[in-house]
Amino acid sequence: MGNLTRFGVSLDTDLLMAFDELCADKGYTNRSEAIRDLLRASIAEAKWGASGEGGGTLTLVYDHHKHDLARRLMTLQHDDHDIIVTTMHLHLDHSNCLEVLVLRGNCKRVLALAQKLISCRGVKYGVFNPAPNGEDLV
């Protein structure tokens, strides 16, 4: 870690109380550590894709009984098989499936595939979490 610099932050009392509660829930011993982690995450997310290459995870929840949905999702995945590193498929209950895909490659293609899968009619939940390259971390 480089030289430390102190700075002041003005916050609404309710926001500070909520932040302190979050810090305690996550096991932070002080606000500074929590703020550093939040800043690192924001900086890494903002830099994601700057090099043109990147990776991340895509999480989907869907009802596999929905007409033709599983086949449509599989077709989209096969169309971009070269940027899918691995997948994991779990049965949450009789109807609902959880699928996690690890993606890596050209950031524009990775985001495009993630958005295509998330926006498929019948997908109940979808979120893409970009993962920073090691060089992007401060």
# chains A, B, ... in the order shown; residues from 1 in each chain; ligands from 1

call {"tool": "closest_atom_pairs", "arguments": {"of": "range 16-72 of chain A", "to": "range 111-129 of chain A", "cutoff": "8 Å", "atoms": "only C-alpha atoms", "output": "JSON lines"}}
result
{"residue": "A:Gly56", "atom": "CA", "partner": "A:Asn129", "partner_atom": "CA", "distance": 5.5}
{"residue": "A:Thr57", "atom": "CA", "partner": "A:Asn129", "partner_atom": "CA", "distance": 5.3}
{"residue": "A:Leu58", "atom": "CA", "partner": "A:Phe128", "partner_atom": "CA", "distance": 4.4}
{"residue": "A:Thr59", "atom": "CA", "partner": "A:Val127", "partner_atom": "CA", "distance": 5.4}
{"residue": "A:Leu60", "atom": "CA", "partner": "A:Gly126", "partner_atom": "CA", "distance": 4.5}
{"residue": "A:Val61", "atom": "CA", "partner": "A:Tyr125", "partner_atom": "CA", "distance": 5.0}
{"residue": "A:Tyr62", "atom": "CA", "partner": "A:Val123", "partner_atom": "CA", "distance": 4.6}
{"residue": "A:Asp63", "atom": "CA", "partner": "A:Gly122", "partner_atom": "CA", "distance": 6.9}
{"residue": "A:Lys66", "atom": "CA", "partner": "A:Gly122", "partner_atom": "CA", "distance": 6.4}
{"residue": "A:Leu69", "atom": "CA", "partner": "A:Gly122", "partner_atom": "CA", "distance": 6.6}

call {"tool": "residues_around", "arguments": {"residues": "Asn106 in chain A", "least_positions_apart": "4", "cutoff": "7 Å", "atoms": "only C-alpha atoms", "output": "ChimeraX atom specification"}}
result
/A:52-54,110

call {"tool": "write_last_selection", "arguments": {"atoms": "C-alpha atoms", "output": "short mmCIF file (atom, residue, chain, number, x, y, z; two decimals), in the first residue's frame"}}
result
data_model
loop_
_atom_site.label_atom_id
_atom_site.label_comp_id
_atom_site.auth_asym_id
_atom_site.auth_seq_id
_atom_site.Cartn_x
_atom_site.Cartn_y
_atom_site.Cartn_z
CA GLY A 52 -10.72 -4.91 -24.80
CA GLU A 53 -10.48 -8.30 -23.07
CA GLY A 54 -12.24 -9.32 -19.90
CA VAL A 110 -18.99 -10.97 -23.53
#

call {"tool": "select_by_dssp", "arguments": {"residues": "chain A", "states": "strand (DSSP E or B)", "output": "number ranges by chain"}}
result
A: 53-63, 84-91, 96-106, 123-131

call {"tool": "atom_distance", "arguments": {"atom1": "CA of Pro132 in chain A", "atom2": "CA of Met74 in chain A"}}
result
26.6 Å

call {"tool": "residues_around", "arguments": {"residues": "Ala46 in chain A", "least_positions_apart": "5", "cutoff": "12 Å", "atoms": "only C-alpha atoms", "output": "PDB file with C-alpha atoms, in the first residue's frame"}}
result
ATOM      1  CA  LEU A  39     -13.561   2.288  -3.970  1.00  0.00           C
ATOM      2  CA  ARG A  40     -11.512  -0.623  -5.335  1.00  0.00           C
ATOM      3  CA  ALA A  41     -14.660  -2.338  -6.583  1.00  0.00           C
ATOM      4  CA  SER A  51      -8.107  -3.419 -22.499  1.00  0.00           C
ATOM      5  CA  PRO A 130     -17.614  -8.316 -14.554  1.00  0.00           C
ATOM      6  CA  ALA A 131     -14.388  -9.561 -13.006  1.00  0.00           C
ATOM      7  CA  PRO A 132     -11.379  -7.242 -13.091  1.00  0.00           C
ATOM      8  CA  ASN A 133      -8.042  -8.270 -14.538  1.00  0.00           C
ATOM      9  CA  ASP A 136      -6.886  -3.292 -12.941  1.00  0.00           C
ATOM     10  CA  LEU A 137      -6.749  -3.694  -9.169  1.00  0.00           C
TER      11      LEU A 137
END

call {"tool": "closest_residue", "arguments": {"among": "A:Asn3, A:Ser95, A:Gly105, A:Ile35", "to": "Leu16 in chain A", "atoms": "only C-alpha atoms"}}
result
A:Ile35

call {"tool": "closest_residue", "arguments": {"among": "A:His89, A:Lys26, A:Lys108, A:Arg36", "to": "His64 in chain A", "atoms": "only C-alpha atoms"}}
result
A:His89
